[in-house]
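work.txt (compact mmCIF, C-alpha atoms and all ligand atoms) appears below.
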# COMPACT_ATOMS: atom_id res chain seq x y z
CA MET A 152 46.76 -5.72 -20.79
CA VAL A 153 47.01 -8.48 -23.39
CA LYS A 154 47.05 -7.56 -27.06
CA ILE A 155 46.86 -9.92 -30.02
CA ALA A 156 47.53 -8.84 -33.60
CA LEU A 157 45.91 -10.92 -36.34
CA ILE A 158 47.71 -10.35 -39.62
CA GLY A 159 45.53 -11.44 -42.52
CA ALA A 160 42.34 -10.94 -40.55
CA ALA A 161 40.04 -10.42 -43.54
CA GLY A 162 40.92 -13.85 -44.90
CA GLN A 163 38.86 -16.98 -44.43
CA ILE A 164 41.02 -18.17 -41.53
CA GLY A 165 41.65 -14.74 -40.04
CA THR A 166 37.99 -13.76 -39.70
CA PRO A 167 36.77 -16.85 -37.78
CA LEU A 168 39.96 -16.67 -35.72
CA SER A 169 39.16 -13.07 -34.83
CA LEU A 170 35.70 -14.18 -33.71
CA LEU A 171 37.17 -16.90 -31.48
CA CYS A 172 39.61 -14.37 -30.00
CA LYS A 173 36.87 -11.82 -29.35
CA THR A 174 34.47 -14.33 -27.75
CA SER A 175 37.23 -15.89 -25.61
CA ASP A 176 37.57 -12.92 -23.30
CA LEU A 177 41.30 -13.62 -23.14
CA PHE A 178 42.31 -10.28 -24.66
CA ASP A 179 42.09 -6.61 -23.83
CA GLU A 180 42.91 -5.55 -27.35
CA ILE A 181 42.65 -7.29 -30.71
CA SER A 182 44.13 -5.60 -33.74
CA LEU A 183 43.20 -6.79 -37.18
CA TYR A 184 45.39 -6.10 -40.18
CA ASP A 185 44.70 -6.81 -43.85
CA LEU A 186 44.64 -5.14 -47.23
CA VAL A 187 40.82 -4.91 -47.27
CA HIS A 188 37.69 -5.01 -45.09
CA VAL A 189 39.23 -5.05 -41.58
CA PRO A 190 37.77 -1.72 -40.32
CA GLY A 191 34.30 -3.16 -40.99
CA ILE A 192 35.13 -6.53 -39.42
CA ALA A 193 36.42 -4.70 -36.33
CA THR A 194 33.20 -2.67 -36.02
CA ASP A 195 31.17 -5.87 -36.44
CA LEU A 196 33.17 -7.65 -33.69
CA MET A 197 32.82 -4.65 -31.38
CA HIS A 198 29.09 -5.40 -31.05
CA ILE A 199 29.98 -8.59 -29.14
CA ASP A 200 29.70 -8.21 -25.37
CA THR A 201 33.26 -9.09 -24.36
CA ARG A 202 35.86 -6.63 -23.07
CA ALA A 203 38.36 -6.70 -25.96
CA LYS A 204 38.68 -3.50 -27.94
CA VAL A 205 38.99 -4.37 -31.64
CA ASN A 206 40.72 -2.13 -34.20
CA GLY A 207 41.08 -2.75 -37.92
CA TYR A 208 44.08 -1.41 -39.84
CA LEU A 209 44.60 -1.28 -43.60
CA ALA A 210 48.00 -0.93 -45.26
CA GLU A 211 47.83 2.84 -45.65
CA ASP A 212 49.10 5.17 -42.89
CA SER A 213 51.52 2.53 -41.54
CA GLY A 214 48.60 0.23 -40.71
CA LEU A 215 50.79 -2.85 -40.17
CA LYS A 216 53.00 -0.98 -37.71
CA LYS A 217 49.93 0.29 -35.85
CA ALA A 218 48.44 -3.20 -35.69
CA LEU A 219 51.68 -4.66 -34.33
CA THR A 220 52.51 -1.94 -31.83
CA ALA A 221 52.57 -3.35 -28.27
CA ALA A 222 51.29 -6.75 -29.43
CA ASP A 223 52.02 -9.64 -27.07
CA VAL A 224 50.99 -12.30 -29.55
CA VAL A 225 51.04 -12.05 -33.35
CA VAL A 226 49.26 -14.61 -35.53
CA VAL A 227 50.03 -14.53 -39.23
CA THR A 228 47.47 -16.08 -41.58
CA ALA A 229 48.11 -13.66 -44.48
CA GLY A 230 48.73 -15.05 -47.95
CA ILE A 231 47.00 -17.11 -50.60
CA ALA A 232 45.37 -20.53 -50.08
CA ARG A 233 45.42 -23.67 -52.20
CA LYS A 234 43.11 -24.49 -55.08
CA PRO A 235 42.54 -28.05 -56.40
CA GLY A 236 45.66 -29.52 -57.97
CA MET A 237 48.01 -27.31 -55.95
CA THR A 238 50.38 -28.45 -53.24
CA ARG A 239 51.30 -26.22 -50.32
CA ASP A 240 54.65 -25.67 -52.04
CA ASP A 241 52.83 -24.03 -54.96
CA LEU A 242 51.92 -21.20 -52.55
CA PHE A 243 55.56 -20.47 -51.84
CA LYS A 244 56.19 -17.98 -54.63
CA THR A 245 53.49 -15.62 -53.38
CA ASN A 246 53.55 -16.26 -49.65
CA ALA A 247 57.33 -16.19 -49.13
CA SER A 248 57.66 -12.46 -49.71
CA ILE A 249 54.48 -11.76 -47.72
CA ILE A 250 56.02 -13.49 -44.69
CA ARG A 251 59.39 -11.77 -45.15
CA ASP A 252 57.77 -8.34 -45.36
CA ILE A 253 55.48 -8.91 -42.38
CA PHE A 254 58.35 -10.17 -40.23
CA THR A 255 60.53 -7.24 -41.24
CA GLU A 256 57.90 -4.99 -39.66
CA VAL A 257 57.40 -7.39 -36.74
CA ALA A 258 61.14 -7.23 -36.00
CA ALA A 259 61.06 -3.43 -35.98
CA THR A 260 57.81 -2.98 -34.05
CA CYS A 261 57.20 -5.84 -31.61
CA PRO A 262 60.47 -7.78 -31.23
CA SER A 263 59.42 -9.19 -27.85
CA ALA A 264 56.10 -10.71 -28.92
CA THR A 265 55.27 -14.38 -29.46
CA TYR A 266 54.71 -15.25 -33.10
CA CYS A 267 52.47 -17.94 -34.59
CA VAL A 268 52.81 -18.63 -38.31
CA VAL A 269 49.85 -20.26 -40.06
CA THR A 270 50.64 -19.11 -43.61
CA ASN A 271 51.54 -22.03 -45.87
CA PRO A 272 53.83 -23.66 -46.75
CA VAL A 273 54.64 -23.51 -43.01
CA ASN A 274 57.61 -25.88 -43.52
CA SER A 275 59.25 -23.09 -45.56
CA THR A 276 57.61 -19.91 -44.23
CA LEU A 277 58.82 -20.49 -40.67
CA PRO A 278 62.49 -20.58 -41.79
CA ILE A 279 61.80 -17.31 -43.66
CA ALA A 280 60.35 -15.72 -40.52
CA ALA A 281 63.32 -16.97 -38.48
CA GLU A 282 65.87 -15.66 -40.99
CA THR A 283 64.12 -12.27 -41.18
CA LEU A 284 64.17 -11.92 -37.40
CA LYS A 285 67.79 -13.11 -37.34
CA LYS A 286 68.82 -10.49 -39.92
CA ALA A 287 67.22 -7.82 -37.74
CA GLY A 288 69.11 -9.20 -34.72
CA VAL A 289 65.96 -10.06 -32.74
CA PHE A 290 65.48 -13.80 -33.31
CA GLU A 291 64.42 -15.60 -30.15
CA PRO A 292 63.56 -19.21 -31.15
CA THR A 293 61.51 -19.80 -28.00
CA ARG A 294 58.91 -17.29 -29.25
CA LEU A 295 58.51 -18.34 -32.90
CA PHE A 296 56.08 -21.14 -33.74
CA GLY A 297 54.74 -22.73 -36.90
CA VAL A 298 51.19 -23.79 -36.07
CA THR A 299 50.73 -27.54 -36.63
CA THR A 300 47.82 -27.93 -34.21
CA LEU A 301 45.39 -28.81 -37.00
CA ASP A 302 47.39 -32.00 -37.62
CA VAL A 303 47.04 -32.89 -33.94
CA VAL A 304 43.30 -32.14 -34.05
CA ARG A 305 42.93 -34.29 -37.18
CA ALA A 306 44.92 -37.15 -35.65
CA SER A 307 42.46 -37.57 -32.79
CA THR A 308 39.39 -36.81 -34.89
CA PHE A 309 40.17 -39.31 -37.65
CA ALA A 310 41.13 -42.01 -35.13
CA ALA A 311 37.75 -41.60 -33.40
CA HIS A 312 35.99 -41.70 -36.80
CA ALA A 313 37.82 -44.89 -37.79
CA LEU A 314 37.13 -46.62 -34.46
CA GLY A 315 33.48 -45.66 -34.77
CA ASN A 316 32.74 -46.73 -31.21
CA GLY A 317 31.18 -43.47 -30.10
CA ALA A 318 34.34 -42.22 -28.35
CA SER A 319 34.84 -38.48 -28.55
CA PRO A 320 37.80 -37.34 -30.68
CA ARG A 321 38.83 -35.24 -27.69
CA ASP A 322 39.37 -38.39 -25.64
CA PHE A 323 42.42 -39.21 -27.78
CA LYS A 324 45.86 -37.71 -27.47
CA VAL A 325 48.04 -38.48 -30.48
CA PRO A 326 51.43 -36.78 -30.82
CA VAL A 327 52.12 -35.46 -34.32
CA ILE A 328 55.69 -34.62 -35.28
CA GLY A 329 57.54 -33.50 -38.43
CA GLY A 330 56.15 -30.66 -40.49
CA HIS A 331 52.86 -29.42 -41.88
CA SER A 332 52.59 -30.84 -45.37
CA GLY A 333 51.78 -34.30 -46.76
CA ALA A 334 54.38 -36.93 -45.85
CA THR A 335 56.15 -34.54 -43.46
CA ILE A 336 53.16 -34.85 -41.10
CA LEU A 337 53.75 -37.87 -38.88
CA PRO A 338 51.08 -38.90 -36.36
CA LEU A 339 52.51 -41.28 -33.77
CA TYR A 340 49.64 -43.66 -33.12
CA SER A 341 52.01 -46.02 -31.29
CA GLN A 342 51.99 -43.37 -28.52
CA ALA A 343 48.25 -42.66 -28.64
CA GLU A 344 46.41 -42.38 -25.35
CA PRO A 345 44.18 -44.30 -25.00
CA PRO A 346 45.53 -46.83 -27.51
CA VAL A 347 44.00 -46.69 -30.99
CA ASN A 348 43.34 -50.36 -31.73
CA LEU A 349 42.91 -50.64 -35.50
CA SER A 350 44.05 -53.23 -38.05
CA GLU A 351 47.33 -52.43 -39.80
CA GLU A 352 45.41 -51.54 -42.96
CA ALA A 353 42.90 -49.30 -41.18
CA LEU A 354 45.70 -47.56 -39.29
CA ALA A 355 47.60 -46.92 -42.52
CA GLY A 356 44.41 -45.32 -43.89
CA VAL A 357 44.08 -43.06 -40.86
CA ILE A 358 47.75 -42.00 -41.04
CA ASN A 359 47.31 -41.15 -44.72
CA ARG A 360 44.14 -39.18 -43.95
CA VAL A 361 45.98 -37.10 -41.34
CA GLN A 362 48.86 -36.47 -43.74
CA PHE A 363 46.57 -35.44 -46.56
CA GLY A 364 43.63 -34.03 -44.59
CA GLY A 365 44.25 -30.61 -46.12
CA ASP A 366 43.77 -32.06 -49.63
CA GLU A 367 40.45 -33.60 -48.56
CA ILE A 368 39.13 -30.10 -47.81
CA VAL A 369 40.66 -28.50 -50.91
CA LYS A 370 38.93 -31.15 -53.05
CA SER A 371 35.63 -30.83 -51.25
CA LYS A 372 35.61 -27.03 -51.58
CA GLN A 373 35.91 -27.38 -55.37
CA GLY A 374 38.06 -24.34 -56.01
CA ALA A 375 36.81 -22.20 -53.13
CA GLY A 376 39.99 -22.64 -51.10
CA SER A 377 41.35 -24.85 -48.33
CA ALA A 378 40.79 -25.39 -44.59
CA THR A 379 39.50 -22.25 -42.91
CA THR A 380 37.19 -22.89 -39.95
CA CYS A 381 39.03 -25.96 -38.62
CA MET A 382 42.31 -24.08 -39.07
CA ALA A 383 40.91 -21.12 -37.15
CA TYR A 384 39.80 -23.55 -34.42
CA ALA A 385 43.26 -25.12 -34.28
CA GLY A 386 45.04 -21.76 -34.43
CA PHE A 387 42.95 -20.51 -31.55
CA ARG A 388 43.70 -23.65 -29.52
CA PHE A 389 47.40 -22.90 -29.93
CA VAL A 390 47.03 -19.22 -29.04
CA LYS A 391 45.04 -20.20 -25.95
CA ALA A 392 47.82 -22.60 -24.93
CA ILE A 393 50.36 -19.79 -25.23
CA LEU A 394 48.26 -17.52 -23.03
CA GLU A 395 47.63 -20.25 -20.46
CA ALA A 396 51.39 -20.84 -20.30
CA LYS A 397 52.02 -17.08 -19.96
CA ASN A 398 49.64 -17.19 -16.99
CA GLY A 399 51.72 -19.85 -15.27
CA GLN A 400 49.93 -23.06 -16.30
CA SER A 401 51.97 -26.01 -17.51
CA VAL A 402 50.95 -26.63 -21.13
CA ILE A 403 52.24 -28.99 -23.80
CA GLU A 404 51.36 -28.55 -27.48
CA GLU A 405 53.08 -29.62 -30.67
CA ALA A 406 54.57 -26.87 -32.83
CA TYR A 407 57.04 -26.50 -35.67
CA VAL A 408 60.08 -24.72 -34.25
CA TYR A 409 63.77 -23.96 -34.70
CA LEU A 410 64.97 -26.82 -32.52
CA PRO A 411 68.58 -25.77 -31.81
CA GLY A 412 67.32 -22.63 -30.07
CA ILE A 413 65.10 -24.47 -27.61
CA SER A 414 66.19 -26.41 -24.54
CA GLY A 415 66.35 -30.12 -25.42
CA GLY A 416 65.95 -29.32 -29.12
CA LYS A 417 69.60 -29.42 -30.16
CA GLU A 418 69.85 -33.13 -29.37
CA ILE A 419 66.72 -33.87 -31.44
CA ALA A 420 67.95 -31.72 -34.34
CA THR A 421 71.36 -33.40 -34.36
CA LYS A 422 69.80 -36.87 -34.30
CA LEU A 423 67.35 -36.09 -37.12
CA GLY A 424 69.56 -33.85 -39.24
CA VAL A 425 66.99 -31.02 -39.49
CA ASP A 426 66.82 -27.77 -37.55
CA PHE A 427 63.14 -26.97 -38.13
CA PHE A 428 60.82 -29.70 -36.92
CA ALA A 429 57.53 -30.13 -35.04
CA VAL A 430 57.64 -31.89 -31.69
CA LYS A 431 55.83 -31.64 -28.39
CA ILE A 432 56.79 -28.35 -26.77
CA GLU A 433 56.47 -27.52 -23.12
CA LEU A 434 55.25 -23.92 -23.04
CA GLY A 435 55.98 -21.49 -20.24
CA LYS A 436 55.76 -17.80 -19.42
CA ALA A 437 58.46 -16.86 -21.92
CA GLY A 438 57.40 -19.22 -24.74
CA ALA A 439 58.95 -22.63 -25.47
CA LEU A 440 60.59 -23.98 -22.31
CA LYS A 441 61.57 -27.33 -23.69
CA ALA A 442 61.36 -29.51 -26.80
CA LEU A 443 60.30 -32.96 -25.62
CA PRO A 444 62.03 -36.08 -26.97
CA ILE A 445 60.18 -38.03 -29.68
CA GLY A 446 60.24 -41.19 -27.57
CA LYS A 447 59.80 -44.79 -28.69
CA ILE A 448 58.13 -45.19 -32.10
CA SER A 449 57.07 -48.21 -34.15
CA ASP A 450 59.11 -49.59 -37.07
CA ASN A 451 56.54 -48.23 -39.52
CA GLU A 452 56.71 -44.78 -37.90
CA ALA A 453 60.52 -44.90 -38.07
CA ARG A 454 60.23 -45.59 -41.82
CA LEU A 455 57.75 -42.74 -42.27
CA LEU A 456 60.01 -40.46 -40.23
CA GLY A 457 62.78 -41.02 -42.76
CA VAL A 458 60.45 -39.99 -45.59
CA ALA A 459 59.25 -36.95 -43.61
CA ILE A 460 62.80 -35.77 -42.98
CA ASP A 461 63.80 -36.10 -46.64
CA ASP A 462 60.84 -33.89 -47.70
CA LEU A 463 61.30 -31.48 -44.85
CA LYS A 464 64.98 -30.89 -45.70
CA LYS A 465 63.91 -29.73 -49.17
CA ASN A 466 61.14 -27.47 -47.79
CA ILE A 467 63.52 -25.85 -45.29
CA ALA A 468 66.20 -25.37 -47.96
CA THR A 469 63.62 -23.61 -50.18
CA GLY A 470 62.82 -21.13 -47.41
CA LEU A 471 66.48 -20.49 -46.58
CA ALA A 472 67.44 -20.14 -50.25
CA PHE A 473 64.74 -17.46 -50.69
CA MET A 474 66.28 -15.49 -47.84
CA SER A 475 69.82 -15.77 -49.15
CA THR A 476 68.95 -14.23 -52.53
C1 LIG A 501 45.45 -27.66 -43.96
O1 LIG A 501 46.20 -28.45 -43.38
O2 LIG A 501 44.28 -27.94 -44.19
C2 LIG A 501 45.99 -26.30 -44.33
O3 LIG A 501 47.38 -26.29 -44.24
C3 LIG A 501 45.53 -25.79 -45.65
C4 LIG A 501 46.00 -26.59 -46.84
O4 LIG A 501 46.46 -25.97 -47.82
O5 LIG A 501 45.91 -27.81 -46.84
Starting from the coordinates I provided, produce the structure as structure tokens.
Amino acid sequence: MVKIALIGAAGQIGTPLSLLCKTSDLFDEISLYDLVHVPGIATDLMHIDTRAKVNGYLAEDSGLKKALTAADVVVVTAGIARKPGMTRDDLFKTNASIIRDIFTEVAATCPSATYCVVTNPVNSTLPIAAETLKKAGVFEPTRLFGVTTLDVVRASTFAAHALGNGASPRDFKVPVIGGHSGATILPLYSQAEPPVNLSEEALAGVINRVQFGGDEIVKSKQGAGSATTCMAYAGFRFVKAILEAKNGQSVIEEAYVYLPGISGGKEIATKLGVDFFAVKIELGKAGALKALPIGKISDNEARLLGVAIDDLKKNIATGLAFMST
């Protein structure tokens, strides 16, 4: 029996993500939680011919607890999204307490599950989730992930677009490290496989597009929100990786994690001076097996890494300060 709980399932990321989960046939049970609409969404999904049983829970009658009970994987997309002119940090005021409250219930109800946080600003909401679990005495860093997969997806997609030689974006593997916001997102094209051969100027443009890809969508949606379908796609890719790893496959995906709690992560954290950071993670049955070293990077990437770390330190401090008040 595999159960996934999607918290924020009536939102514009949660709903397409619930569709991908239902059509995947990876789950026996999918529970949807939100403040509105989820009973109807669950009924709608139940007309799809895959085995998963879908239930929708609203806040009343301990709905969050019911949604989380016996969940193996919890994906949190709840919270507000950006409008033009807003940064991800502008979401903090609203989304910080949403994450704290959800993880308070998570800690009480499904302390052994694997958690994926999509709610922005991920650079700050993941420290909040970690602190909440820690306060409840159930923090296991190997099972708490900030989802940065969309940055990885963008890094290969935008490289293929820029090369314009007909290669499929999926043919490229580009590690993306750092965080999930602007300059904290650092695609490592020096490690791309196959190599991305672009002029220095074109490459700088692609790096900038990956870092600010979210803004491109916010602008294009003209006030109707931020990334939804591509985020659902990326979130599902990460969830699938977790399940494949649980089933014994060797899987590597980037994720934003609490490095000191993961094998190999302490060394990276000490070197960089930040505890929360996205790197390649080797996933296994019990979650993160190992944080993989960053490896050799170009001089330009080393410069950008410095900028990323400066921003990230502030984002992490914001999350931790919220939890200490
Ligand atoms: C994204 O990367 O597109 C998402 O984090 C949404 C946003 O606010 O940019």
Using all atoms listed in the file, find each protein or nucleic acid residue lying at most 9 Å from ligand LIG 501 (chain A); present the set as a PDB file with C-alpha atoms, in the frame of the given file.
ATOM      1  CA  ALA A 232      45.370 -20.530 -50.080  1.00  0.00           C
ATOM      2  CA  ARG A 233      45.420 -23.670 -52.200  1.00  0.00           C
ATOM      3  CA  LYS A 234      43.110 -24.490 -55.080  1.00  0.00           C
ATOM      4  CA  MET A 237      48.010 -27.310 -55.950  1.00  0.00           C
ATOM      5  CA  THR A 238      50.380 -28.450 -53.240  1.00  0.00           C
ATOM      6  CA  ARG A 239      51.300 -26.220 -50.320  1.00  0.00           C
ATOM      7  CA  LEU A 242      51.920 -21.200 -52.550  1.00  0.00           C
ATOM      8  CA  VAL A 269      49.850 -20.260 -40.060  1.00  0.00           C
ATOM      9  CA  THR A 270      50.640 -19.110 -43.610  1.00  0.00           C
ATOM     10  CA  ASN A 271      51.540 -22.030 -45.870  1.00  0.00           C
ATOM     11  CA  PRO A 272      53.830 -23.660 -46.750  1.00  0.00           C
ATOM     12  CA  VAL A 273      54.640 -23.510 -43.010  1.00  0.00           C
ATOM     13  CA  THR A 299      50.730 -27.540 -36.630  1.00  0.00           C
ATOM     14  CA  LEU A 301      45.390 -28.810 -37.000  1.00  0.00           C
ATOM     15  CA  ASP A 302      47.390 -32.000 -37.620  1.00  0.00           C
ATOM     16  CA  HIS A 331      52.860 -29.420 -41.880  1.00  0.00           C
ATOM     17  CA  SER A 332      52.590 -30.840 -45.370  1.00  0.00           C
ATOM     18  CA  GLY A 333      51.780 -34.300 -46.760  1.00  0.00           C
ATOM     19  CA  VAL A 361      45.980 -37.100 -41.340  1.00  0.00           C
ATOM     20  CA  GLN A 362      48.860 -36.470 -43.740  1.00  0.00           C
ATOM     21  CA  PHE A 363      46.570 -35.440 -46.560  1.00  0.00           C
ATOM     22  CA  GLY A 364      43.630 -34.030 -44.590  1.00  0.00           C
ATOM     23  CA  GLY A 365      44.250 -30.610 -46.120  1.00  0.00           C
ATOM     24  CA  ASP A 366      43.770 -32.060 -49.630  1.00  0.00           C
ATOM     25  CA  GLU A 367      40.450 -33.600 -48.560  1.00  0.00           C
ATOM     26  CA  ILE A 368      39.130 -30.100 -47.810  1.00  0.00           C
ATOM     27  CA  VAL A 369      40.660 -28.500 -50.910  1.00  0.00           C
ATOM     28  CA  GLY A 376      39.990 -22.640 -51.100  1.00  0.00           C
ATOM     29  CA  SER A 377      41.350 -24.850 -48.330  1.00  0.00           C
ATOM     30  CA  ALA A 378      40.790 -25.390 -44.590  1.00  0.00           C
ATOM     31  CA  THR A 379      39.500 -22.250 -42.910  1.00  0.00           C
ATOM     32  CA  CYS A 381      39.030 -25.960 -38.620  1.00  0.00           C
ATOM     33  CA  MET A 382      42.310 -24.080 -39.070  1.00  0.00           C
TER      34      MET A 382
END
* To do: Skip Gly416 of chain A itself and residues of its chain fewer than 2 positions away, then list as a PyMOL selection string all residues within 9 Å of it, counting all atoms listed in the file.
  => chain A and resi 409-414+418-421+426+441-444
Hey, which bits of segment 329-425 of chain A sit within 10 Å of segment 177-200 of chain A, and for each residue what's the closest pair of atoms and how far apart in Å (one decimal), counting all atoms listed in the file, rows by chain and increasing number, as JSON lines?
{"residue": "A:Val390", "atom": "CA", "partner": "A:Leu177", "partner_atom": "CA", "distance": 10.0}
{"residue": "A:Lys391", "atom": "CA", "partner": "A:Leu177", "partner_atom": "CA", "distance": 8.1}
{"residue": "A:Leu394", "atom": "CA", "partner": "A:Leu177", "partner_atom": "CA", "distance": 8.0}
{"residue": "A:Glu395", "atom": "CA", "partner": "A:Leu177", "partner_atom": "CA", "distance": 9.6}
* To do: May I have the residues within 8 Å of Thr335 of chain A as a PyMOL selection string, using only C-alpha atoms and disregarding those fewer than 5 positions away in the same chain?
  => chain A and resi 329-330+362+456+458-460+462-463
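Using only C-alpha atoms, the nearest neighbour of Val325 of chain A within the list A:Leu295, A:Thr380, A:Ile231, A:Glu404 is A:Glu404.
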* Asked: Between A:Val303, A:Val402, A:Leu219, A:Met474, which has the minimum distance to Pro262 of chain A (counting all atoms listed in the file)?
  -> A:Leu219
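Of the residues under consideration (A:Asn466, A:Gly386, A:Ile336, A:Leu157), A:Asn466 shows the shortest atom-to-atom contact distance to Phe243 of chain A when counting only C-alpha atoms.
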* To do: List the neighbours of Ala229 of chain A out to 8 Å using all atoms listed in the file; skip same-chain residues closer than 4 positions along the sequence, and give me the result as a list in words.
  =>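 What passes the distance filter is Ile158, Gly159, Ala160, Gly162, Gly165, Asp185, Asn246, Ile249, Ile250 and Thr270 of chain A.
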Let me see the file: selected residues, C-alpha atoms, as a PDB file, keeping the file's coordinate frame.
ATOM      1  CA  ILE A 158      47.710 -10.350 -39.620  1.00  0.00           C
ATOM      2  CA  GLY A 159      45.530 -11.440 -42.520  1.00  0.00           C
ATOM      3  CA  ALA A 160      42.340 -10.940 -40.550  1.00  0.00           C
ATOM      4  CA  GLY A 162      40.920 -13.850 -44.900  1.00  0.00           C
ATOM      5  CA  GLY A 165      41.650 -14.740 -40.040  1.00  0.00           C
ATOM      6  CA  ASP A 185      44.700  -6.810 -43.850  1.00  0.00           C
ATOM      7  CA  ASN A 246      53.550 -16.260 -49.650  1.00  0.00           C
ATOM      8  CA  ILE A 249      54.480 -11.760 -47.720  1.00  0.00           C
ATOM      9  CA  ILE A 250      56.020 -13.490 -44.690  1.00  0.00           C
ATOM     10  CA  THR A 270      50.640 -19.110 -43.610  1.00  0.00           C
TER      11      THR A 270
END
